[in-house]
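Novice: Here it is, the structure, as structure tokens.
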Amino acid sequence: MLNLASILVGIFSLILVIPAQIPLLGWANWIALPFVVVGIGLGALSSKDSGMKFCIVIFVIAVIRLALGGGVI
């Protein structure tokens with residue numbers, strides 16, 4: 001059940017991260033990161049690790065985008 005919750009949180013975060021790849025919308029990654037961290041935590045508590053891995057991929061995408069944009073843009 002926690003794995004499903006992790007995947008659902010990851011999908012919600014992905015919906016926030018995809019538009020944040022557009023220039024000048026990078027600030028949306030800061031909104032998505034706390035949700036991704038919650039998803040990673042839920043996935044870590046689960047017996048399966050697919051939800052955690054999904055959230056880690058989203059986390060990496062968001063962090064790389066923030067790094068390329070200087071943390072804001």
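The way I read the labels, and the way they are meant: chains A, B, ... in the order of the structure tokens, residue 1 as the first residue of every chain, and ligand 1 as the first ligand shown, with later ones counted on from there.
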Within 8 Å of range 61-68 of chain A, counting only C-alpha atoms, which residues show up once you throw out same-chain ones fewer than 3 positions away? Write them as a VMD selection string, please.
Specialist: chain A and resid 17 21 26 29 33 57 to 58 71 to 73
Novice: Determine, counting only C-alpha atoms, which protein, DNA and RNA residues have an atom within 10 Å of an atom of Ala44 in chain A; residues of the same chain fewer than 4 positions away are not included. Present the result as a PyMOL selection string.
Specialist: chain A and resi 2-3+6+38-40+48-53
Novice: Restricting the output to N, CA and C atoms, write the selected residues as a PDB file, in the first residue's frame.
Specialist:
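Generated file (part34.pdb):
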```pdb
ATOM      1  N   LEU A   2       1.967   1.230   0.744  1.00  0.00           N
ATOM      2  CA  LEU A   2       2.855   2.392   0.762  1.00  0.00           C
ATOM      3  C   LEU A   2       3.535   2.603  -0.589  1.00  0.00           C
ATOM      4  N   ASN A   3       3.772   1.499  -1.306  1.00  0.00           N
ATOM      5  CA  ASN A   3       4.370   1.623  -2.634  1.00  0.00           C
ATOM      6  C   ASN A   3       3.409   2.355  -3.571  1.00  0.00           C
ATOM      7  N   SER A   6       3.480   5.962  -2.731  1.00  0.00           N
ATOM      8  CA  SER A   6       4.711   6.563  -3.240  1.00  0.00           C
ATOM      9  C   SER A   6       4.609   6.851  -4.731  1.00  0.00           C
ATOM     10  N   VAL A  38       8.841  13.195   0.191  1.00  0.00           N
ATOM     11  CA  VAL A  38       7.820  12.401   0.881  1.00  0.00           C
ATOM     12  C   VAL A  38       7.590  11.086   0.141  1.00  0.00           C
ATOM     13  N   GLY A  39       7.558  11.136  -1.187  1.00  0.00           N
ATOM     14  CA  GLY A  39       7.399   9.929  -1.976  1.00  0.00           C
ATOM     15  C   GLY A  39       8.560   8.960  -1.795  1.00  0.00           C
ATOM     16  N   ILE A  40       9.774   9.487  -1.708  1.00  0.00           N
ATOM     17  CA  ILE A  40      10.939   8.629  -1.463  1.00  0.00           C
ATOM     18  C   ILE A  40      10.830   7.987  -0.089  1.00  0.00           C
ATOM     19  N   LYS A  48       8.257  -3.044  -1.457  1.00  0.00           N
ATOM     20  CA  LYS A  48       8.756  -2.967  -2.832  1.00  0.00           C
ATOM     21  C   LYS A  48       9.466  -1.640  -3.015  1.00  0.00           C
ATOM     22  N   ASP A  49      10.345  -1.569  -3.996  1.00  0.00           N
ATOM     23  CA  ASP A  49      11.122  -0.342  -4.160  1.00  0.00           C
ATOM     24  C   ASP A  49      10.858   0.384  -5.477  1.00  0.00           C
ATOM     25  N   SER A  50       9.841  -0.003  -6.224  1.00  0.00           N
ATOM     26  CA  SER A  50       9.590   0.645  -7.505  1.00  0.00           C
ATOM     27  C   SER A  50       9.135   2.098  -7.327  1.00  0.00           C
ATOM     28  N   GLY A  51       8.297   2.377  -6.342  1.00  0.00           N
ATOM     29  CA  GLY A  51       7.855   3.743  -6.090  1.00  0.00           C
ATOM     30  C   GLY A  51       8.992   4.640  -5.650  1.00  0.00           C
ATOM     31  N   MET A  52       9.881   4.100  -4.831  1.00  0.00           N
ATOM     32  CA  MET A  52      11.033   4.879  -4.376  1.00  0.00           C
ATOM     33  C   MET A  52      11.956   5.200  -5.550  1.00  0.00           C
ATOM     34  N   LYS A  53      12.195   4.226  -6.416  1.00  0.00           N
ATOM     35  CA  LYS A  53      13.058   4.459  -7.574  1.00  0.00           C
ATOM     36  C   LYS A  53      12.438   5.485  -8.525  1.00  0.00           C
TER      37      LYS A  53
END
```
Novice: Can you tell me how far CA of Leu14 in chain A sits from CA of Ile56 in chain A, in Å to one decimal?
Specialist: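 These two atoms are separated by 11.2 Å.
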Novice: What parts of chain A does DSSP call alpha helix (DSSP H)? I'd like the answer as a PyMOL selection string.
Specialist: chain A and resi 2-17+28-45+50-68
